>>> print(open('input_6.txt').read())   # compact mmCIF, N, CA and C atoms
# COMPACT_ATOMS: atom_id res chain seq x y z
N MET B 1 137.89 137.72 199.21
CA MET B 1 138.80 136.61 199.46
C MET B 1 140.16 137.19 199.85
N GLN B 2 140.71 136.62 200.90
CA GLN B 2 142.02 137.08 201.34
C GLN B 2 142.87 135.90 201.80
N ILE B 3 144.11 136.19 202.14
CA ILE B 3 145.06 135.17 202.56
C ILE B 3 145.37 135.37 204.04
N TRP B 4 145.26 134.30 204.79
CA TRP B 4 145.62 134.26 206.21
C TRP B 4 146.87 133.41 206.35
N VAL B 5 147.84 133.88 207.13
CA VAL B 5 149.10 133.16 207.27
C VAL B 5 149.32 132.82 208.72
N ASP B 6 149.49 131.53 209.00
CA ASP B 6 149.90 131.06 210.33
C ASP B 6 151.40 131.36 210.39
N ALA B 7 151.71 132.57 210.86
CA ALA B 7 153.04 133.13 210.65
C ALA B 7 154.10 132.67 211.65
N ASP B 8 153.71 132.04 212.74
CA ASP B 8 154.71 131.63 213.73
C ASP B 8 155.78 130.72 213.13
N ALA B 9 155.39 129.82 212.26
CA ALA B 9 156.36 128.87 211.70
C ALA B 9 156.50 129.00 210.19
N CYS B 10 155.95 130.04 209.61
CA CYS B 10 156.02 130.21 208.16
C CYS B 10 157.42 130.68 207.76
N PRO B 11 158.07 129.97 206.84
CA PRO B 11 159.41 130.39 206.41
C PRO B 11 159.40 131.79 205.78
N ASN B 12 160.46 132.54 206.02
CA ASN B 12 160.55 133.91 205.49
C ASN B 12 160.46 133.94 203.97
N VAL B 13 161.01 132.96 203.30
CA VAL B 13 160.96 132.94 201.83
C VAL B 13 159.51 132.84 201.35
N ILE B 14 158.66 132.15 202.08
CA ILE B 14 157.25 132.04 201.73
C ILE B 14 156.54 133.37 202.01
N LYS B 15 156.89 134.00 203.12
CA LYS B 15 156.30 135.32 203.41
C LYS B 15 156.66 136.30 202.31
N ASP B 16 157.90 136.26 201.82
CA ASP B 16 158.32 137.16 200.74
C ASP B 16 157.50 136.93 199.47
N ILE B 17 157.22 135.68 199.15
CA ILE B 17 156.39 135.37 197.98
C ILE B 17 154.99 135.95 198.19
N LEU B 18 154.46 135.81 199.40
CA LEU B 18 153.13 136.33 199.71
C LEU B 18 153.09 137.86 199.65
N PHE B 19 154.15 138.50 200.14
CA PHE B 19 154.20 139.97 200.11
C PHE B 19 154.19 140.49 198.67
N ARG B 20 154.97 139.84 197.81
CA ARG B 20 155.00 140.25 196.40
C ARG B 20 153.64 140.02 195.73
N ALA B 21 153.01 138.90 196.05
CA ALA B 21 151.69 138.60 195.48
C ALA B 21 150.65 139.59 195.97
N ALA B 22 150.73 140.01 197.22
CA ALA B 22 149.77 140.97 197.77
C ALA B 22 149.79 142.26 196.97
N GLU B 23 150.97 142.74 196.68
CA GLU B 23 151.10 143.99 195.92
C GLU B 23 150.68 143.80 194.46
N ARG B 24 151.15 142.73 193.86
CA ARG B 24 150.88 142.49 192.44
C ARG B 24 149.39 142.27 192.19
N GLU B 25 148.73 141.50 193.06
CA GLU B 25 147.33 141.12 192.85
C GLU B 25 146.35 141.95 193.66
N GLN B 26 146.88 142.83 194.50
CA GLN B 26 146.06 143.65 195.39
C GLN B 26 145.11 142.78 196.21
N VAL B 27 145.71 141.78 196.85
CA VAL B 27 144.97 140.87 197.73
C VAL B 27 145.45 141.09 199.16
N ASN B 28 144.53 141.08 200.10
CA ASN B 28 144.89 141.26 201.50
C ASN B 28 145.57 140.01 202.04
N VAL B 29 146.71 140.22 202.67
CA VAL B 29 147.46 139.15 203.33
C VAL B 29 147.58 139.54 204.79
N THR B 30 147.11 138.67 205.67
CA THR B 30 147.18 138.93 207.11
C THR B 30 147.99 137.83 207.77
N LEU B 31 149.07 138.24 208.43
CA LEU B 31 149.91 137.31 209.18
C LEU B 31 149.44 137.31 210.63
N VAL B 32 149.25 136.13 211.19
CA VAL B 32 148.81 136.00 212.57
C VAL B 32 149.86 135.21 213.32
N ALA B 33 150.35 135.79 214.44
CA ALA B 33 151.41 135.14 215.22
C ALA B 33 151.34 135.63 216.66
N ASN B 34 152.01 134.89 217.53
CA ASN B 34 152.06 135.33 218.94
C ASN B 34 153.29 136.18 219.22
N ALA B 35 154.01 136.52 218.18
CA ALA B 35 155.14 137.45 218.28
C ALA B 35 154.95 138.51 217.20
N TRP B 36 155.56 139.66 217.40
CA TRP B 36 155.45 140.72 216.41
C TRP B 36 156.17 140.28 215.14
N ILE B 37 155.50 140.46 214.01
CA ILE B 37 156.06 140.09 212.71
C ILE B 37 156.26 141.38 211.90
N ARG B 38 157.46 141.56 211.43
CA ARG B 38 157.76 142.72 210.59
C ARG B 38 157.18 142.49 209.21
N THR B 39 156.47 143.49 208.71
CA THR B 39 155.89 143.41 207.38
C THR B 39 156.26 144.66 206.59
N PRO B 40 156.31 144.55 205.28
CA PRO B 40 156.57 145.74 204.47
C PRO B 40 155.39 146.71 204.56
N THR B 41 155.66 147.95 204.33
CA THR B 41 154.60 148.95 204.31
C THR B 41 153.74 148.71 203.08
N SER B 42 152.47 148.43 203.31
CA SER B 42 151.55 148.14 202.22
C SER B 42 150.13 148.23 202.75
N ARG B 43 149.24 148.69 201.91
CA ARG B 43 147.84 148.71 202.33
C ARG B 43 147.22 147.31 202.23
N PHE B 44 147.94 146.35 201.65
CA PHE B 44 147.41 144.99 201.48
C PHE B 44 147.98 144.00 202.49
N ILE B 45 148.97 144.40 203.27
CA ILE B 45 149.64 143.47 204.20
C ILE B 45 149.50 143.99 205.62
N ARG B 46 149.06 143.09 206.50
CA ARG B 46 149.00 143.47 207.91
C ARG B 46 149.36 142.27 208.77
N SER B 47 149.64 142.59 210.01
CA SER B 47 150.04 141.56 210.97
C SER B 47 149.17 141.70 212.22
N ILE B 48 148.73 140.59 212.75
CA ILE B 48 147.98 140.57 214.00
C ILE B 48 148.81 139.78 215.00
N GLN B 49 149.10 140.42 216.13
CA GLN B 49 149.81 139.72 217.20
C GLN B 49 148.78 139.29 218.24
N VAL B 50 148.78 137.99 218.53
CA VAL B 50 147.88 137.43 219.53
C VAL B 50 148.68 137.07 220.77
N PRO B 51 148.02 136.91 221.91
CA PRO B 51 148.75 136.50 223.12
C PRO B 51 149.39 135.12 222.92
N GLY B 52 150.45 134.87 223.67
CA GLY B 52 151.10 133.56 223.61
C GLY B 52 150.16 132.50 224.14
N GLY B 53 150.38 131.29 223.75
CA GLY B 53 149.56 130.18 224.23
C GLY B 53 149.33 129.19 223.13
N PHE B 54 148.94 128.01 223.54
CA PHE B 54 148.74 126.90 222.61
C PHE B 54 147.58 127.20 221.66
N ASP B 55 147.84 127.21 220.37
CA ASP B 55 146.84 127.37 219.31
C ASP B 55 146.10 128.71 219.31
N VAL B 56 146.63 129.73 220.00
CA VAL B 56 145.94 131.03 220.03
C VAL B 56 145.91 131.64 218.63
N ALA B 57 147.02 131.60 217.91
CA ALA B 57 147.05 132.14 216.54
C ALA B 57 146.12 131.33 215.63
N ASP B 58 146.13 130.03 215.77
CA ASP B 58 145.25 129.18 214.97
C ASP B 58 143.79 129.53 215.22
N ASP B 59 143.44 129.67 216.49
CA ASP B 59 142.05 130.00 216.85
C ASP B 59 141.63 131.34 216.26
N GLU B 60 142.55 132.30 216.24
CA GLU B 60 142.23 133.62 215.67
C GLU B 60 141.97 133.51 214.18
N ILE B 61 142.76 132.72 213.49
CA ILE B 61 142.55 132.53 212.05
C ILE B 61 141.21 131.85 211.81
N VAL B 62 140.92 130.80 212.57
CA VAL B 62 139.66 130.07 212.40
C VAL B 62 138.47 131.00 212.65
N ARG B 63 138.60 131.88 213.63
CA ARG B 63 137.52 132.81 213.96
C ARG B 63 137.26 133.78 212.80
N ARG B 64 138.30 134.19 212.10
CA ARG B 64 138.17 135.23 211.07
C ARG B 64 138.03 134.72 209.64
N VAL B 65 138.47 133.51 209.37
CA VAL B 65 138.50 133.01 207.99
C VAL B 65 137.08 132.87 207.45
N GLU B 66 136.96 133.13 206.15
CA GLU B 66 135.65 133.06 205.48
C GLU B 66 135.77 132.14 204.26
N PRO B 67 134.62 131.65 203.78
CA PRO B 67 134.65 130.80 202.58
C PRO B 67 135.38 131.50 201.43
N GLY B 68 136.22 130.73 200.76
CA GLY B 68 136.97 131.26 199.62
C GLY B 68 138.33 131.82 199.99
N ASP B 69 138.56 132.10 201.29
CA ASP B 69 139.86 132.58 201.73
C ASP B 69 140.90 131.47 201.57
N LEU B 70 142.16 131.85 201.65
CA LEU B 70 143.27 130.90 201.62
C LEU B 70 144.03 131.01 202.93
N VAL B 71 144.28 129.86 203.57
CA VAL B 71 145.06 129.81 204.80
C VAL B 71 146.38 129.11 204.48
N VAL B 72 147.49 129.78 204.78
CA VAL B 72 148.81 129.21 204.58
C VAL B 72 149.29 128.70 205.93
N THR B 73 149.46 127.38 206.05
CA THR B 73 149.83 126.79 207.33
C THR B 73 150.48 125.43 207.15
N GLN B 74 151.32 125.08 208.12
CA GLN B 74 151.87 123.73 208.21
C GLN B 74 151.06 122.90 209.20
N ASP B 75 150.14 123.55 209.90
CA ASP B 75 149.37 122.94 210.98
C ASP B 75 148.16 122.20 210.39
N ILE B 76 148.17 120.88 210.48
CA ILE B 76 147.12 120.05 209.88
C ILE B 76 145.75 120.32 210.51
N PRO B 77 145.64 120.39 211.86
CA PRO B 77 144.31 120.70 212.43
C PRO B 77 143.78 122.06 211.98
N LEU B 78 144.65 123.08 211.90
CA LEU B 78 144.21 124.38 211.41
C LEU B 78 143.71 124.27 209.98
N ALA B 79 144.43 123.53 209.15
CA ALA B 79 144.00 123.33 207.76
C ALA B 79 142.62 122.67 207.73
N ALA B 80 142.40 121.69 208.60
CA ALA B 80 141.10 121.00 208.64
C ALA B 80 139.98 121.97 209.03
N PHE B 81 140.22 122.80 210.02
CA PHE B 81 139.21 123.78 210.44
C PHE B 81 138.92 124.78 209.32
N ALA B 82 139.97 125.22 208.62
CA ALA B 82 139.78 126.16 207.51
C ALA B 82 138.92 125.53 206.42
N ILE B 83 139.20 124.29 206.09
CA ILE B 83 138.44 123.59 205.06
C ILE B 83 136.98 123.44 205.49
N GLU B 84 136.76 123.13 206.78
CA GLU B 84 135.39 123.03 207.30
C GLU B 84 134.61 124.33 207.10
N LYS B 85 135.31 125.46 207.19
CA LYS B 85 134.66 126.76 207.04
C LYS B 85 134.56 127.21 205.58
N GLY B 86 134.98 126.37 204.64
CA GLY B 86 134.86 126.69 203.23
C GLY B 86 136.05 127.41 202.64
N ALA B 87 137.13 127.51 203.41
CA ALA B 87 138.36 128.11 202.91
C ALA B 87 139.23 127.02 202.29
N LEU B 88 140.32 127.45 201.69
CA LEU B 88 141.33 126.52 201.20
C LEU B 88 142.55 126.63 202.09
N ALA B 89 143.33 125.57 202.16
CA ALA B 89 144.53 125.57 202.98
C ALA B 89 145.71 125.09 202.15
N LEU B 90 146.81 125.82 202.30
CA LEU B 90 148.01 125.55 201.50
C LEU B 90 149.22 125.42 202.42
N HIS B 91 149.94 124.33 202.29
CA HIS B 91 151.18 124.11 203.04
C HIS B 91 152.28 124.95 202.40
N PRO B 92 153.22 125.49 203.20
CA PRO B 92 154.31 126.28 202.62
C PRO B 92 155.17 125.54 201.61
N ARG B 93 155.06 124.23 201.54
CA ARG B 93 155.80 123.47 200.53
C ARG B 93 154.99 123.24 199.26
N GLY B 94 153.78 123.83 199.22
CA GLY B 94 153.01 123.79 197.99
C GLY B 94 151.89 122.78 197.93
N GLU B 95 151.69 122.00 198.99
CA GLU B 95 150.60 121.02 198.99
C GLU B 95 149.29 121.71 199.36
N MET B 96 148.31 121.61 198.47
CA MET B 96 146.99 122.15 198.76
C MET B 96 146.21 121.07 199.49
N TYR B 97 145.80 121.38 200.71
CA TYR B 97 144.97 120.45 201.46
C TYR B 97 143.56 120.51 200.91
N THR B 98 142.90 119.36 200.81
CA THR B 98 141.54 119.30 200.31
C THR B 98 140.68 118.47 201.25
N LYS B 99 139.37 118.50 201.01
CA LYS B 99 138.47 117.65 201.79
C LYS B 99 138.84 116.19 201.62
N ASP B 100 139.35 115.84 200.44
CA ASP B 100 139.70 114.45 200.15
C ASP B 100 140.99 114.00 200.84
N THR B 101 141.91 114.93 201.12
CA THR B 101 143.21 114.53 201.66
C THR B 101 143.39 114.84 203.15
N ILE B 102 142.56 115.72 203.70
CA ILE B 102 142.81 116.20 205.06
C ILE B 102 142.64 115.11 206.10
N ALA B 103 141.70 114.20 205.94
CA ALA B 103 141.50 113.14 206.92
C ALA B 103 142.74 112.24 207.01
N GLN B 104 143.30 111.90 205.86
CA GLN B 104 144.51 111.08 205.86
C GLN B 104 145.67 111.82 206.52
N ARG B 105 145.81 113.11 206.23
CA ARG B 105 146.89 113.91 206.82
C ARG B 105 146.72 114.01 208.33
N LEU B 106 145.48 114.16 208.81
CA LEU B 106 145.23 114.20 210.26
C LEU B 106 145.59 112.87 210.91
N SER B 107 145.22 111.78 210.27
CA SER B 107 145.54 110.46 210.81
C SER B 107 147.06 110.26 210.90
N MET B 108 147.77 110.64 209.86
CA MET B 108 149.23 110.50 209.86
C MET B 108 149.85 111.38 210.92
N ARG B 109 149.36 112.59 211.07
CA ARG B 109 149.87 113.50 212.10
C ARG B 109 149.67 112.89 213.48
N ASN B 110 148.48 112.36 213.74
CA ASN B 110 148.20 111.76 215.05
C ASN B 110 149.08 110.54 215.30
N PHE B 111 149.30 109.74 214.28
CA PHE B 111 150.16 108.57 214.40
C PHE B 111 151.59 108.99 214.75
N MET B 112 152.11 109.99 214.04
CA MET B 112 153.47 110.47 214.31
C MET B 112 153.57 111.07 215.71
N GLU B 113 152.53 111.75 216.16
CA GLU B 113 152.51 112.32 217.50
C GLU B 113 152.56 111.21 218.55
N GLU B 114 151.85 110.11 218.30
CA GLU B 114 151.88 108.96 219.21
C GLU B 114 153.28 108.36 219.27
N LEU B 115 153.93 108.24 218.11
CA LEU B 115 155.29 107.72 218.08
C LEU B 115 156.24 108.60 218.90
N ARG B 116 156.15 109.92 218.68
CA ARG B 116 157.01 110.84 219.44
C ARG B 116 156.71 110.75 220.92
N GLY B 117 155.44 110.61 221.27
CA GLY B 117 155.04 110.50 222.67
C GLY B 117 155.57 109.24 223.34
N SER B 118 155.82 108.20 222.55
CA SER B 118 156.36 106.97 223.11
C SER B 118 157.88 106.92 223.05
N GLY B 119 158.50 108.04 222.64
CA GLY B 119 159.95 108.13 222.66
C GLY B 119 160.65 107.85 221.36
N VAL B 120 159.91 107.57 220.30
CA VAL B 120 160.52 107.31 219.01
C VAL B 120 160.93 108.64 218.38
N ASN B 121 162.18 108.71 217.93
CA ASN B 121 162.67 109.91 217.26
C ASN B 121 162.24 109.84 215.80
N THR B 122 161.29 110.70 215.43
CA THR B 122 160.77 110.69 214.07
C THR B 122 161.48 111.69 213.17
N GLY B 123 162.43 112.43 213.71
CA GLY B 123 163.15 113.42 212.92
C GLY B 123 162.29 114.65 212.68
N GLY B 124 162.88 115.64 212.10
CA GLY B 124 162.15 116.87 211.81
C GLY B 124 161.87 116.99 210.33
N PRO B 125 161.26 118.09 209.94
CA PRO B 125 160.98 118.28 208.51
C PRO B 125 162.27 118.53 207.73
N ALA B 126 162.24 118.16 206.49
CA ALA B 126 163.39 118.41 205.61
C ALA B 126 163.54 119.91 205.41
N THR B 127 164.75 120.34 205.09
CA THR B 127 164.97 121.76 204.84
C THR B 127 164.20 122.18 203.58
N MET B 128 163.85 123.44 203.54
CA MET B 128 163.10 124.00 202.41
C MET B 128 164.01 124.01 201.18
N HIS B 129 163.54 123.43 200.13
CA HIS B 129 164.29 123.31 198.88
C HIS B 129 163.70 124.29 197.86
N PRO B 130 164.48 124.74 196.89
CA PRO B 130 163.93 125.63 195.85
C PRO B 130 162.69 125.06 195.16
N ARG B 131 162.64 123.73 195.00
CA ARG B 131 161.45 123.15 194.36
C ARG B 131 160.21 123.31 195.25
N ASP B 132 160.41 123.35 196.59
CA ASP B 132 159.30 123.59 197.50
C ASP B 132 158.77 125.02 197.33
N ARG B 133 159.68 125.97 197.25
CA ARG B 133 159.27 127.36 197.02
C ARG B 133 158.52 127.50 195.70
N GLN B 134 159.00 126.82 194.67
CA GLN B 134 158.34 126.87 193.37
C GLN B 134 156.96 126.22 193.43
N ALA B 135 156.86 125.10 194.12
CA ALA B 135 155.55 124.44 194.27
C ALA B 135 154.57 125.35 195.00
N PHE B 136 155.04 126.05 196.04
CA PHE B 136 154.18 126.98 196.76
C PHE B 136 153.74 128.12 195.84
N ALA B 137 154.69 128.71 195.13
CA ALA B 137 154.39 129.82 194.23
C ALA B 137 153.39 129.39 193.16
N ASN B 138 153.54 128.19 192.63
CA ASN B 138 152.61 127.69 191.61
C ASN B 138 151.20 127.51 192.17
N ALA B 139 151.11 126.91 193.37
CA ALA B 139 149.80 126.71 194.00
C ALA B 139 149.14 128.05 194.34
N LEU B 140 149.94 128.99 194.81
CA LEU B 140 149.42 130.33 195.11
C LEU B 140 148.92 131.00 193.82
N ASP B 141 149.69 130.90 192.75
CA ASP B 141 149.27 131.49 191.47
C ASP B 141 147.96 130.87 190.98
N THR B 142 147.78 129.58 191.19
CA THR B 142 146.52 128.92 190.80
C THR B 142 145.35 129.51 191.59
N TRP B 143 145.54 129.68 192.91
CA TRP B 143 144.48 130.27 193.74
C TRP B 143 144.19 131.70 193.29
N LEU B 144 145.25 132.47 193.03
CA LEU B 144 145.07 133.86 192.61
C LEU B 144 144.35 133.95 191.26
N ALA B 145 144.64 133.03 190.35
CA ALA B 145 143.97 133.02 189.04
C ALA B 145 142.47 132.74 189.22
N LYS B 146 142.14 131.81 190.10
CA LYS B 146 140.72 131.52 190.37
C LYS B 146 140.05 132.73 191.01
N ARG B 147 140.78 133.42 191.88
CA ARG B 147 140.25 134.63 192.53
C ARG B 147 139.95 135.70 191.49
N ARG B 148 140.88 135.88 190.54
CA ARG B 148 140.68 136.87 189.47
C ARG B 148 139.45 136.51 188.64
N ALA B 149 139.27 135.23 188.36
CA ALA B 149 138.17 134.78 187.51
C ALA B 149 136.81 135.00 188.18
N THR B 150 136.76 135.05 189.50
CA THR B 150 135.48 135.23 190.19
C THR B 150 135.16 136.70 190.45
N LYS B 151 136.09 137.59 190.15
CA LYS B 151 135.85 139.03 190.37
C LYS B 151 134.91 139.60 189.35
>>> encode(input="input_6.txt", output="structure tokens")
Amino acid sequence: MQIWVDADACPNVIKDILFRAAEREQVNVTLVANAWIRTPTSRFIRSIQVPGGFDVADDEIVRRVEPGDLVVTQDIPLAAFAIEKGALALHPRGEMYTKDTIAQRLSMRNFMEELRGSGVNTGGPATMHPRDRQAFANALDTWLAKRRATK
């Protein structure tokens, strides 16, 4: 079991939490992006740079993810694909996507996309708050504890 990160839009504070967890838990963390991502020197952390293009990083994660892996992403369709493959998906704000919640999240995403397409200003995401970082860290710790229990 390893962690895949949709790194193009992942906040640096979340990457830092993942880097510390990789070393502490000796879990592989792979960042996938269409730009070079600087990572600390570690045998548990690596970065894959994919060509630019729509969903190229997402497609690479979907191709490589395995059951039991964790995918860190804000991208709802990527989360849905990961769940279909038996992985778990975690939003950088700490929300764990599940089979029970992903359909609703996809519907809401599509609705908001339609609104934006018709010219409605839906605003952007709220700034990352310390409670979001804590929620992410807590959800990650829960996944790591389950990983330890299955070893």
>>> atom_distance(input="input_6.txt", atom1="CA of Ile83 (chain B)", atom2="atom C of Thr98 (chain B)")
6.8 Å
>>> select_by_dssp(input="input_6.txt", residues="chain B", states="helix (DSSP H, G or I)", output="JSON, numbers by chain")
{"B": [12, 13, 14, 15, 16, 17, 18, 19, 20, 21, 22, 23, 24, 25, 56, 57, 58, 59, 60, 61, 62, 63, 64, 76, 77, 78, 79, 80, 81, 82, 83, 84, 99, 100, 101, 102, 103, 104, 105, 106, 107, 108, 109, 110, 111, 112, 113, 114, 115, 116, 117, 130, 131, 132, 133, 134, 135, 136, 137, 138, 139, 140, 141, 142, 143, 144, 145, 146, 147, 148, 149, 150]}
>>> atom_distance(input="input_6.txt", atom1="atom N of Leu31 (chain B)", atom2="atom C of Gln2 (chain B)")
9.4 Å
>>> atom_distance(input="input_6.txt", atom1="CA of Val72 (chain B)", atom2="CA of Pro92 (chain B)")
6.5 Å
>>> residues_near_point(input="input_6.txt", point="(140.2, 122.1, 209.1)", cutoff="8 Å", atoms="all atoms listed in the file", output="list in words")
Ile76, Pro77, Leu78, Ala79, Ala80, Phe81, Ala82, Ile83, Glu84, Lys85 and Ile102 of chain B
>>> residues_near_point(input="input_6.txt", point="(146.0, 128.2, 219.8)", cutoff="12 Å", atoms="only C-alpha atoms", output="NGL selection string")
:B and (6 or 8 or 32-34 or 50-63 or 75 or 77-78)
>>> write_last_selection(input="input_6.txt", atoms="N, CA and C atoms", output="CSV table (one decimal), keeping the file's coordinate frame")
chain,number,residue,atom,x,y,z
B,6,ASP,N,149.5,131.5,209.0
B,6,ASP,CA,149.9,131.1,210.3
B,6,ASP,C,151.4,131.4,210.4
B,8,ASP,N,153.7,132.0,212.7
B,8,ASP,CA,154.7,131.6,213.7
B,8,ASP,C,155.8,130.7,213.1
B,32,VAL,N,149.2,136.1,211.2
B,32,VAL,CA,148.8,136.0,212.6
B,32,VAL,C,149.9,135.2,213.3
B,33,ALA,N,150.4,135.8,214.4
B,33,ALA,CA,151.4,135.1,215.2
B,33,ALA,C,151.3,135.6,216.7
B,34,ASN,N,152.0,134.9,217.5
B,34,ASN,CA,152.1,135.3,218.9
B,34,ASN,C,153.3,136.2,219.2
B,50,VAL,N,148.8,138.0,218.5
B,50,VAL,CA,147.9,137.4,219.5
B,50,VAL,C,148.7,137.1,220.8
B,51,PRO,N,148.0,136.9,221.9
B,51,PRO,CA,148.8,136.5,223.1
B,51,PRO,C,149.4,135.1,222.9
B,52,GLY,N,150.4,134.9,223.7
B,52,GLY,CA,151.1,133.6,223.6
B,52,GLY,C,150.2,132.5,224.1
B,53,GLY,N,150.4,131.3,223.8
B,53,GLY,CA,149.6,130.2,224.2
B,53,GLY,C,149.3,129.2,223.1
B,54,PHE,N,148.9,128.0,223.5
B,54,PHE,CA,148.7,126.9,222.6
B,54,PHE,C,147.6,127.2,221.7
B,55,ASP,N,147.8,127.2,220.4
B,55,ASP,CA,146.8,127.4,219.3
B,55,ASP,C,146.1,128.7,219.3
B,56,VAL,N,146.6,129.7,220.0
B,56,VAL,CA,145.9,131.0,220.0
B,56,VAL,C,145.9,131.6,218.6
B,57,ALA,N,147.0,131.6,217.9
B,57,ALA,CA,147.0,132.1,216.5
B,57,ALA,C,146.1,131.3,215.6
B,58,ASP,N,146.1,130.0,215.8
B,58,ASP,CA,145.2,129.2,215.0
B,58,ASP,C,143.8,129.5,215.2
B,59,ASP,N,143.4,129.7,216.5
B,59,ASP,CA,142.0,130.0,216.8
B,59,ASP,C,141.6,131.3,216.3
B,60,GLU,N,142.6,132.3,216.2
B,60,GLU,CA,142.2,133.6,215.7
B,60,GLU,C,142.0,133.5,214.2
B,61,ILE,N,142.8,132.7,213.5
B,61,ILE,CA,142.6,132.5,212.0
B,61,ILE,C,141.2,131.8,211.8
B,62,VAL,N,140.9,130.8,212.6
B,62,VAL,CA,139.7,130.1,212.4
B,62,VAL,C,138.5,131.0,212.6
B,63,ARG,N,138.6,131.9,213.6
B,63,ARG,CA,137.5,132.8,214.0
B,63,ARG,C,137.3,133.8,212.8
B,75,ASP,N,150.1,123.6,209.9
B,75,ASP,CA,149.4,122.9,211.0
B,75,ASP,C,148.2,122.2,210.4
B,77,PRO,N,145.6,120.4,211.9
B,77,PRO,CA,144.3,120.7,212.4
B,77,PRO,C,143.8,122.1,212.0
B,78,LEU,N,144.6,123.1,211.9
B,78,LEU,CA,144.2,124.4,211.4
B,78,LEU,C,143.7,124.3,210.0
>>> closest_atom_pairs(input="input_6.txt", of="region 57-124 of chain B", to="region 132-136 of chain B", cutoff="6.5 Å", atoms="only N, CA and C atoms", output="CSV")
residue,atom,partner,partner_atom,distance
B:His91,C,B:Phe136,CA,6.3
B:Pro92,C,B:Phe136,CA,5.2
B:Arg93,C,B:Phe136,N,4.3
B:Gly94,CA,B:Phe136,N,3.6
B:Glu95,N,B:Ala135,C,6.0
>>> closest_residue(input="input_6.txt", among="B:Thr101, B:Asp69, B:Pro40, B:Ile3", to="Asp16 (chain B)", atoms="only C-alpha atoms")
B:Pro40
>>> closest_residue(input="input_6.txt", among="B:Val5, B:Gly68, B:Ala87, B:Glu113", to="Gln49 (chain B)", atoms="only C-alpha atoms")
B:Val5
>>> closest_residue(input="input_6.txt", among="B:Ala21, B:Gly86, B:Thr127, B:Gly119", to="Lys99 (chain B)", atoms="only C-alpha atoms")
B:Gly86
>>> residues_around(input="input_6.txt", residues="Arg43 (chain B)", least_positions_apart="2", cutoff="8 Å", atoms="only N, CA and C atoms", output="list in words")
Ala22, Glu23, Gln26, Val27, Asn28, Val29, Pro40, Thr41, Ile45 and Arg46 of chain B
